[in-house]
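Below: entry_19.cif (mmCIF, C-alpha atoms)
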data_model
#
loop_
_atom_site.label_atom_id
_atom_site.label_comp_id
_atom_site.auth_asym_id
_atom_site.auth_seq_id
_atom_site.Cartn_x
_atom_site.Cartn_y
_atom_site.Cartn_z
CA MET A 1 -76.73 -266.13 -135.94
CA TYR A 2 -73.74 -263.97 -136.86
CA THR A 3 -74.54 -263.34 -140.51
CA LEU A 4 -70.94 -262.54 -141.50
CA GLY A 5 -69.15 -264.09 -138.50
CA ARG A 6 -68.21 -262.81 -135.07
CA GLY A 7 -66.91 -259.28 -134.79
CA VAL A 8 -68.17 -258.22 -138.24
CA LYS A 9 -70.76 -255.44 -138.60
CA PRO A 10 -72.90 -256.49 -141.59
CA GLY A 11 -74.32 -254.36 -144.33
CA SER A 12 -77.75 -255.46 -145.53
CA ASP A 13 -76.54 -256.38 -149.00
CA VAL A 14 -73.67 -258.70 -148.06
CA ALA A 15 -75.64 -260.13 -145.12
CA HIS A 16 -78.46 -261.20 -147.41
CA LEU A 17 -76.05 -262.70 -149.90
CA ALA A 18 -74.42 -264.65 -147.06
CA ILE A 19 -77.62 -266.11 -145.67
CA PHE A 20 -78.70 -267.19 -149.14
CA GLY A 21 -75.34 -268.92 -149.65
CA TYR A 22 -73.56 -266.42 -151.90
CA PRO A 23 -70.39 -265.36 -150.02
CA MET A 24 -69.32 -261.76 -150.52
CA GLU A 25 -65.76 -262.75 -151.37
CA THR A 26 -67.03 -264.42 -154.53
CA TYR A 27 -70.19 -262.58 -155.52
CA TYR A 28 -70.12 -259.05 -154.10
CA THR A 29 -68.75 -256.27 -156.30
CA GLY A 30 -70.64 -253.43 -154.59
CA ARG A 31 -74.18 -252.60 -153.56
CA GLY A 32 -74.93 -250.75 -156.76
CA PRO A 33 -75.70 -253.79 -158.96
CA ILE A 34 -78.11 -255.14 -156.32
CA GLU A 35 -79.83 -251.78 -155.94
CA VAL A 36 -80.41 -251.29 -159.66
CA ALA A 37 -81.57 -254.90 -160.06
CA GLY A 38 -84.35 -254.18 -157.58
CA LEU A 39 -85.47 -251.23 -159.68
CA GLY A 40 -85.60 -253.28 -162.86
CA MET A 41 -82.68 -251.39 -164.41
CA PRO A 42 -80.93 -253.80 -166.81
CA LEU A 43 -77.14 -253.71 -166.79
CA GLN A 44 -75.07 -254.00 -169.95
CA GLN A 45 -71.49 -255.22 -170.17
CA GLY A 46 -69.17 -252.41 -169.10
CA ASP A 47 -71.81 -250.58 -167.03
CA ILE A 48 -70.98 -249.33 -163.54
CA ALA A 49 -73.91 -249.41 -161.11
CA PHE A 50 -74.37 -247.38 -157.92
CA ARG A 51 -76.85 -246.81 -155.17
CA GLY A 52 -77.82 -243.20 -154.60
CA ASN A 53 -79.31 -241.10 -151.82
CA PHE A 54 -81.01 -237.80 -152.55
CA ALA A 55 -79.60 -235.59 -149.82
CA THR A 56 -79.54 -231.98 -148.60
CA VAL A 57 -76.35 -229.93 -148.81
CA GLY A 58 -75.58 -226.30 -148.00
CA ASP A 59 -74.08 -223.71 -150.33
CA ASP A 60 -70.58 -224.91 -149.39
CA LEU A 61 -71.58 -228.55 -150.14
CA THR A 62 -71.70 -229.51 -146.47
CA VAL A 63 -74.10 -232.42 -145.98
CA LEU A 64 -77.01 -231.27 -143.81
CA ASP A 65 -79.11 -234.42 -144.15
CA ARG A 66 -78.11 -237.61 -145.99
CA ARG A 67 -81.76 -238.48 -146.73
CA ALA A 68 -83.29 -235.05 -147.51
CA GLY A 69 -85.48 -235.24 -144.43
CA ARG A 70 -86.49 -238.82 -145.35
CA ILE A 71 -88.28 -237.48 -148.39
CA LYS A 72 -91.14 -239.79 -149.41
CA ALA A 73 -90.59 -239.81 -153.18
CA VAL A 74 -87.88 -238.56 -155.53
CA ASP A 75 -89.35 -239.30 -158.96
CA GLU A 76 -89.23 -235.70 -160.25
CA PHE A 77 -85.69 -235.20 -158.94
CA ALA A 78 -84.45 -238.41 -160.55
CA ALA A 79 -86.10 -237.44 -163.83
CA ALA A 80 -84.37 -234.04 -163.77
CA ILE A 81 -80.90 -235.58 -163.85
CA ASP A 82 -81.64 -238.76 -165.82
CA GLY A 83 -79.89 -238.91 -169.18
CA ILE A 84 -77.04 -236.48 -168.44
CA GLU A 85 -74.10 -237.20 -170.76
CA ILE A 86 -70.52 -236.23 -169.88
CA ASP A 87 -67.42 -237.10 -171.94
CA GLY A 88 -69.28 -239.84 -173.79
CA VAL A 89 -70.72 -241.40 -170.61
CA LYS A 90 -74.48 -241.48 -170.07
CA PHE A 91 -76.01 -241.41 -166.59
CA ILE A 92 -79.22 -243.41 -166.11
CA ILE A 93 -81.14 -242.55 -162.94
CA ALA A 94 -84.24 -244.28 -161.55
CA PRO A 95 -86.11 -243.45 -158.34
CA GLY A 96 -86.13 -246.03 -155.57
CA THR A 97 -87.95 -246.27 -152.26
CA ALA A 98 -88.27 -242.89 -150.50
CA TYR A 99 -84.94 -241.01 -150.84
CA ARG A 100 -83.11 -243.80 -152.67
CA ALA A 101 -82.20 -244.10 -156.33
CA GLY A 102 -80.38 -246.37 -158.73
CA VAL A 103 -77.59 -244.92 -160.88
CA ILE A 104 -75.87 -246.44 -163.91
CA MET A 105 -72.86 -245.04 -165.77
CA ARG A 106 -72.84 -246.32 -169.35
CA GLY A 107 -69.93 -245.75 -171.71
CA LYS A 108 -66.52 -247.01 -172.74
CA GLY A 109 -63.47 -247.30 -170.52
CA LEU A 110 -65.15 -247.32 -167.10
CA SER A 111 -64.04 -248.89 -163.83
CA SER A 112 -65.70 -249.59 -160.47
CA GLU A 113 -62.40 -248.97 -158.66
CA ILE A 114 -63.33 -245.52 -157.40
CA SER A 115 -64.08 -243.93 -154.04
CA THR A 116 -67.39 -242.41 -152.95
CA CYS A 117 -68.51 -238.81 -152.63
CA ASP A 118 -70.51 -239.66 -149.48
CA PRO A 119 -68.75 -238.60 -146.25
CA GLY A 120 -71.05 -240.93 -144.33
CA ASP A 121 -72.27 -238.33 -141.83
CA ILE A 122 -73.75 -234.85 -141.60
CA ASN A 123 -71.82 -231.58 -141.13
CA MET A 124 -69.09 -232.83 -143.44
CA LYS A 125 -68.46 -231.71 -147.01
CA VAL A 126 -69.11 -234.06 -149.90
CA LEU A 127 -65.95 -235.82 -150.99
CA GLU A 128 -64.12 -235.70 -154.27
CA VAL A 129 -64.33 -239.07 -156.02
CA LYS A 130 -60.86 -240.53 -156.53
CA PRO A 131 -59.49 -243.57 -158.41
CA LEU A 132 -58.57 -246.52 -156.20
CA ASP A 133 -55.92 -247.77 -158.60
CA ASN A 134 -53.64 -246.25 -161.22
CA SER A 135 -55.57 -247.48 -164.25
CA PRO A 136 -56.68 -244.92 -166.85
CA GLU A 137 -60.20 -246.38 -166.56
CA ALA A 138 -60.45 -245.60 -162.84
CA LYS A 139 -59.04 -242.09 -163.34
CA PHE A 140 -61.49 -241.42 -166.17
CA THR A 141 -64.49 -242.76 -164.22
CA ALA A 142 -63.64 -240.65 -161.16
CA SER A 143 -63.26 -237.54 -163.30
CA VAL A 144 -66.60 -238.05 -165.06
CA LEU A 145 -68.44 -238.81 -161.82
CA ASN A 146 -67.11 -235.63 -160.20
CA LYS A 147 -68.38 -233.62 -163.17
CA PHE A 148 -71.76 -235.35 -162.86
CA HIS A 149 -72.06 -234.49 -159.17
CA LYS A 150 -71.41 -230.82 -159.95
CA GLN A 151 -73.88 -230.69 -162.83
CA ALA A 152 -76.57 -232.64 -160.96
CA TYR A 153 -76.27 -230.32 -157.95
CA GLU A 154 -76.72 -227.25 -160.14
CA ILE A 155 -79.85 -228.74 -161.72
CA LEU A 156 -81.37 -230.01 -158.46
CA ASN A 157 -80.60 -226.88 -156.48
CA ALA A 158 -82.39 -224.70 -159.05
CA MET A 159 -85.53 -226.84 -159.28
CA PRO A 160 -88.80 -225.10 -158.34
CA ALA A 161 -89.80 -228.23 -156.42
CA ASN A 162 -86.83 -227.75 -154.10
CA LYS A 163 -87.51 -224.05 -153.67
CA LYS A 164 -91.08 -225.00 -152.72
CA ARG A 165 -89.79 -227.54 -150.19
CA ALA A 166 -87.56 -224.90 -148.63
CA ASP A 167 -90.44 -222.40 -148.48
CA ASN A 168 -92.53 -225.04 -146.67
CA GLY A 169 -89.81 -225.65 -144.11
CA GLN A 170 -88.76 -228.96 -145.70
CA LEU A 171 -85.23 -229.96 -146.62
CA PRO A 172 -84.49 -229.76 -150.35
CA ALA A 173 -83.30 -232.84 -152.27
CA ASN A 174 -80.50 -230.90 -153.92
CA TYR A 175 -77.67 -233.45 -154.09
CA ILE A 176 -77.32 -237.12 -154.95
CA LEU A 177 -74.79 -239.07 -152.91
CA VAL A 178 -73.56 -241.89 -155.14
CA ARG A 179 -71.75 -244.90 -153.72
CA GLY A 180 -71.46 -248.70 -153.84
CA ALA A 181 -69.88 -248.90 -157.32
CA GLY A 182 -69.97 -252.36 -158.81
CA VAL A 183 -70.49 -254.53 -161.86
CA ALA A 184 -72.85 -257.49 -162.23
CA PRO A 185 -70.93 -260.73 -161.47
CA ALA A 186 -71.44 -264.06 -163.18
CA MET A 187 -73.41 -266.30 -160.83
CA SER A 188 -75.85 -269.19 -160.76
CA SER A 189 -79.45 -268.45 -159.86
CA PHE A 190 -81.11 -269.53 -156.62
CA GLN A 191 -83.13 -272.10 -158.56
CA VAL A 192 -80.04 -273.62 -160.16
CA LYS A 193 -78.10 -273.59 -156.88
CA TYR A 194 -80.82 -275.16 -154.73
CA GLY A 195 -83.25 -276.76 -157.17
CA MET A 196 -86.16 -274.65 -155.89
CA THR A 197 -88.30 -272.07 -157.65
CA ALA A 198 -88.37 -268.86 -155.61
CA CYS A 199 -90.18 -265.55 -155.32
CA CYS A 200 -89.36 -262.33 -153.47
CA ILE A 201 -91.92 -260.18 -151.64
CA ALA A 202 -90.48 -256.87 -150.43
CA GLY A 203 -91.08 -253.13 -150.40
CA GLY A 204 -87.52 -251.82 -150.14
CA GLY A 205 -85.50 -251.50 -153.33
CA LEU A 206 -82.41 -253.26 -151.99
CA TYR A 207 -84.36 -256.37 -151.01
CA LYS A 208 -86.16 -256.53 -154.32
CA GLY A 209 -82.68 -256.20 -155.75
CA VAL A 210 -81.43 -259.17 -153.75
CA GLY A 211 -84.30 -261.24 -155.12
CA ALA A 212 -83.72 -260.11 -158.70
CA PHE A 213 -79.95 -260.53 -158.32
CA LEU A 214 -80.50 -264.18 -157.35
CA GLY A 215 -82.98 -264.82 -160.15
CA MET A 216 -86.08 -264.93 -157.95
CA ASP A 217 -89.38 -263.66 -159.34
CA VAL A 218 -89.91 -260.25 -157.68
CA LEU A 219 -93.62 -259.81 -156.97
CA GLU A 220 -95.23 -256.38 -156.83
CA ILE A 221 -97.85 -255.89 -154.13
CA PRO A 222 -99.93 -252.78 -153.38
CA GLY A 223 -99.20 -251.35 -149.95
CA ALA A 224 -95.67 -252.76 -149.68
CA THR A 225 -93.79 -249.50 -149.18
CA GLY A 226 -90.67 -250.53 -147.25
CA GLN A 227 -91.64 -247.88 -144.68
CA PRO A 228 -93.55 -247.92 -141.36
CA ASP A 229 -96.88 -247.66 -143.18
CA THR A 230 -96.22 -250.86 -145.15
CA ASP A 231 -98.99 -253.48 -145.31
CA ILE A 232 -97.31 -256.43 -143.59
CA SER A 233 -100.45 -258.57 -143.56
CA ALA A 234 -100.73 -258.23 -147.34
CA LYS A 235 -97.14 -259.45 -147.72
CA PHE A 236 -97.74 -262.47 -145.51
CA LYS A 237 -101.03 -263.34 -147.23
CA LEU A 238 -99.33 -263.19 -150.62
CA ALA A 239 -96.48 -265.40 -149.40
CA VAL A 240 -98.93 -268.10 -148.31
CA GLN A 241 -100.71 -267.90 -151.68
CA MET A 242 -97.48 -268.03 -153.66
CA LEU A 243 -96.29 -271.17 -151.90
CA GLU A 244 -98.89 -272.96 -154.02
CA LYS A 245 -96.79 -271.94 -157.04
CA TYR A 246 -93.23 -271.60 -155.72
CA ASP A 247 -91.02 -273.85 -153.60
CA PHE A 248 -89.48 -270.94 -151.68
CA ALA A 249 -90.67 -267.46 -150.72
CA PHE A 250 -88.35 -264.71 -149.46
CA VAL A 251 -90.41 -262.13 -147.53
CA HIS A 252 -88.71 -258.99 -146.24
CA VAL A 253 -90.02 -256.47 -143.70
CA LYS A 254 -87.92 -253.32 -143.49
CA ALA A 255 -89.00 -250.48 -141.22
CA ALA A 256 -87.69 -251.68 -137.84
CA ASP A 257 -84.21 -251.09 -139.25
CA SER A 258 -84.96 -247.56 -140.52
CA LEU A 259 -86.63 -246.54 -137.26
CA ALA A 260 -83.63 -247.77 -135.27
CA GLU A 261 -81.27 -245.84 -137.55
CA ASP A 262 -83.24 -242.73 -136.61
CA GLY A 263 -82.95 -243.60 -132.89
CA ASN A 264 -86.75 -243.94 -132.75
CA TYR A 265 -86.99 -246.75 -130.21
CA LEU A 266 -90.70 -246.27 -129.56
CA GLY A 267 -91.43 -246.38 -133.28
CA LYS A 268 -89.33 -249.53 -133.62
CA LYS A 269 -91.19 -251.17 -130.71
CA GLU A 270 -94.56 -250.29 -132.25
CA PHE A 271 -93.48 -251.60 -135.66
CA ILE A 272 -92.33 -254.92 -134.18
CA GLU A 273 -95.75 -255.16 -132.52
CA LYS A 274 -97.28 -254.53 -135.97
CA ILE A 275 -95.31 -257.51 -137.29
CA ASP A 276 -96.54 -259.63 -134.36
CA LYS A 277 -100.15 -258.80 -135.22
CA ALA A 278 -99.63 -259.86 -138.84
CA MET A 279 -97.87 -263.15 -138.03
CA PRO A 280 -101.07 -265.24 -137.83
CA GLU A 281 -101.36 -264.80 -141.60
CA LEU A 282 -98.15 -266.80 -142.06
CA LEU A 283 -99.44 -269.54 -139.78
CA LYS A 284 -102.17 -270.26 -142.34
CA MET A 285 -99.64 -271.99 -144.59
CA SER A 286 -99.90 -275.74 -145.13
CA ASP A 287 -98.63 -278.08 -142.42
CA ASP A 288 -95.75 -279.36 -144.55
CA THR A 289 -94.25 -275.86 -145.00
CA LEU A 290 -91.03 -274.89 -143.23
CA LEU A 291 -91.15 -271.38 -141.76
CA VAL A 292 -87.85 -269.62 -140.98
CA VAL A 293 -87.79 -266.23 -139.24
CA THR A 294 -84.58 -264.25 -138.85
CA ALA A 295 -82.82 -260.96 -139.68
CA ASP A 296 -79.84 -259.85 -141.70
CA HIS A 297 -78.30 -257.77 -138.90
CA SER A 298 -79.01 -255.99 -135.64
CA THR A 299 -79.71 -252.23 -135.67
CA VAL A 300 -79.24 -250.47 -132.32
CA CYS A 301 -81.37 -247.43 -131.51
CA SER A 302 -78.78 -245.97 -129.13
CA LEU A 303 -76.11 -246.16 -131.86
CA LYS A 304 -78.44 -245.30 -134.74
CA ALA A 305 -76.46 -247.89 -136.68
CA HIS A 306 -75.97 -251.55 -137.48
CA SER A 307 -74.02 -253.59 -134.95
CA ALA A 308 -72.08 -256.86 -134.93
CA ASP A 309 -74.50 -258.47 -132.44
CA PRO A 310 -76.07 -261.81 -133.43
CA VAL A 311 -79.69 -262.04 -134.57
CA PRO A 312 -82.31 -264.60 -133.51
CA VAL A 313 -83.33 -267.47 -135.80
CA ALA A 314 -86.41 -269.67 -135.49
CA PHE A 315 -87.49 -272.73 -137.49
CA SER A 316 -91.06 -274.02 -137.41
CA GLY A 317 -92.38 -277.09 -139.21
CA GLN A 318 -93.30 -280.73 -139.01
CA GLY A 319 -90.80 -283.26 -137.72
CA LEU A 320 -88.30 -280.76 -136.30
CA ARG A 321 -86.38 -281.37 -133.09
CA THR A 322 -87.90 -278.90 -130.67
CA ASP A 323 -86.49 -277.14 -127.62
CA ASP A 324 -87.97 -275.26 -124.69
CA VAL A 325 -87.73 -271.77 -126.23
CA THR A 326 -91.21 -270.23 -126.46
CA GLU A 327 -90.40 -266.60 -127.37
CA PHE A 328 -88.63 -265.06 -130.37
CA GLY A 329 -85.90 -262.69 -129.25
CA GLU A 330 -82.17 -262.35 -128.76
CA ARG A 331 -82.02 -263.61 -125.18
CA THR A 332 -84.39 -266.54 -125.60
CA CYS A 333 -83.06 -267.77 -128.94
CA ALA A 334 -79.54 -267.85 -127.49
CA ARG A 335 -80.75 -270.89 -125.48
CA GLY A 336 -82.10 -272.76 -128.53
CA ASN A 337 -80.85 -276.13 -129.73
CA LEU A 338 -79.40 -274.67 -132.94
CA GLY A 339 -76.66 -273.10 -130.86
CA THR A 340 -74.85 -270.24 -132.58
CA ILE A 341 -74.45 -270.35 -136.35
CA GLU A 342 -73.17 -268.07 -139.10
CA GLY A 343 -75.05 -266.82 -142.14
CA LYS A 344 -73.36 -269.39 -144.38
CA ASP A 345 -74.94 -272.15 -142.27
CA LEU A 346 -78.55 -271.03 -142.77
CA MET A 347 -79.34 -272.44 -146.22
CA PRO A 348 -77.69 -275.82 -145.40
CA GLU A 349 -79.88 -275.96 -142.27
CA ILE A 350 -82.94 -275.15 -144.37
CA MET A 351 -82.03 -277.76 -146.96
CA ASN A 352 -81.47 -280.33 -144.20
CA LYS A 353 -84.82 -279.67 -142.59
CA MET A 354 -86.51 -279.90 -145.98
CA GLY A 355 -84.82 -283.25 -146.65
CA LYS A 356 -82.98 -281.89 -149.67
CA LEU A 357 -79.33 -282.39 -148.70
CA VAL A 358 -77.17 -284.73 -150.76
CA LYS A 359 -75.45 -287.42 -148.71
CA ILE A 360 -71.67 -287.15 -148.51
CA GLY A 361 -69.82 -290.45 -148.60
CA ALA A 362 -71.15 -294.00 -148.92
#
Show me the file's structure as structure tokens.
Amino acid sequence: MYTLGRGVKPGSDVAHLAIFGYPMETYYTGRGPIEVAGLGMPLQQGDIAFRGNFATVGDDLTVLDRRAGRIKAVDEFAAAIDGIEIDGVKFIIAPGTAYRAGVIMRGKGLSSEISTCDPGDINMKVLEVKPLDNSPEAKFTASVLNKFHKQAYEILNAMPANKKRADNGQLPANYILVRGAGVAPAMSSFQVKYGMTACCIAGGGLYKGVGAFLGMDVLEIPGATGQPDTDISAKFKLAVQMLEKYDFAFVHVKAADSLAEDGNYLGKKEFIEKIDKAMPELLKMSDDTLLVVTADHSTVCSLKAHSADPVPVAFSGQGLRTDDVTEFGERTCARGNLGTIEGKDLMPEIMNKMGKLVKIGA
């Protein structure tokens, strides 16, 4: 499956929207609204939402590490800059998974048509935020956000917790890279669109955000960290239990992606094996349940990045047309009887195999 079509390198946010049947052209205004939804941060009309990374910068604002050494928790750093007010605009900050955070700008006369401060790589200086159009709202928003970055850096850089990290040989979380500006779009929920109640089981903030964004019930589960130490078996057990209550369960497992982005191919291999060991828990579901296993994108260890390569898809359930594929992987699934599909085709295939499609014509 090419989640966004051939020759397109997907981001996790738009890829998930595509496979759930919400095309980015209609529903995507930026990753920020999805990120803050996953953190339970309610948006008001006129708010601008962002995703944030706590990062490490040098004295000249050169980015040394975009994830502050993959810091495990940023609660105290988020709290230190939460509530800053600049030119009548309030900044609301909430910690996410590991180095991530949700950021909301709340005030009058704001616009999401602004650039990012994130250069996207290390050994490059943070960027000045600029308006992307000539509106006074975009110019004002860019100006306020630049002032926030400066003030937040001064606060974070002076924190005793960061001085302690530096003394211990750890990278300080002394900057917040804010990007993915967007507003919450008007959209129908997953239940309204497909006539199925749905829940979301995930550790990573973005994926909880996808569930919340689509109106799914986001379930909290101890041990679901979104990191390599996550309790996959607990997620799968909960999914089986929740299918007694819900028609549809979205279960996300994250860390193979993060490990590949670090170039850690052995860690990725071991984590995939961890998933394999947990899979029998999913096979305890009732015989009339349809199981679909896939991914939002491919992440290549040698590139340390997402790629435009297709991902495998497998359906398992009663009454399906079977093929001779007996392994789940890119090479084997390429021979399956589904052929090659795009992300927009996945939910129609699911609805078809569940007998829920409406007949077209007489």
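With all atoms listed in the file as the basis for measurement, A:Ala37 is the residue among A:Ile350, A:Ala37, A:Ile19, A:Met196 that approaches A:Val218 most closely.
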**Study point:** Residues near A:Thr116, cut-off 10 Å, all atoms listed in the file, skip fewer than 4 positions along chain, as a ChimeraX atom specification
**Key:** /A:50,120,126-131,142,145-146,177-181
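Across the structure, atom CA of A:Asn174 and atom CA of A:Phe91 are spaced 17.1 Å apart.
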Point to revise | Output check: residues returned by the PyMOL selection byres ((chain A and resi 253) around 7), as a PyMOL selection string | key: chain A and resi 202+226+251-252+254-255
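Applied to this file, the PyMOL selection byres ((chain A and resi 292) around 7) selects Leu290, Leu291, Val293, Thr294, Ala314, Phe315 and Ser316 of chain A.
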Point to revise | Hits of the PyMOL selection byres ((chain A and resi 263) around 10) in this structure, as a list of chain:residue names | key: A:Asp257, A:Ser258, A:Leu259, A:Ala260, A:Glu261, A:Asp262, A:Asn264, A:Tyr265, A:Leu266, A:Gly267, A:Lys268, A:Thr299, A:Val300, A:Cys301, A:Ser302, A:Leu303, A:Lys304, A:Ala305
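The nearest approach to A:Gln170 among the residues A:Ile272, A:Ala15, A:Ile93, A:Ala68, with all atoms listed in the file taken into account, belongs to A:Ala68.
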May I have the residues within 9 Å of A:Ser233 as a PDB file with C-alpha atoms, in the coordinates of the input, using all atoms listed in the file and disregarding those fewer than 6 positions away in the same chain?
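As a result, out_3.pdb now contains:
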ATOM      1  CA  ILE A 275     -95.310-257.510-137.290  1.00  0.00           C
ATOM      2  CA  LYS A 277    -100.150-258.800-135.220  1.00  0.00           C
ATOM      3  CA  ALA A 278     -99.630-259.860-138.840  1.00  0.00           C
ATOM      4  CA  MET A 279     -97.870-263.150-138.030  1.00  0.00           C
ATOM      5  CA  PRO A 280    -101.070-265.240-137.830  1.00  0.00           C
ATOM      6  CA  GLU A 281    -101.360-264.800-141.600  1.00  0.00           C
ATOM      7  CA  LEU A 282     -98.150-266.800-142.060  1.00  0.00           C
TER       8      LEU A 282
END
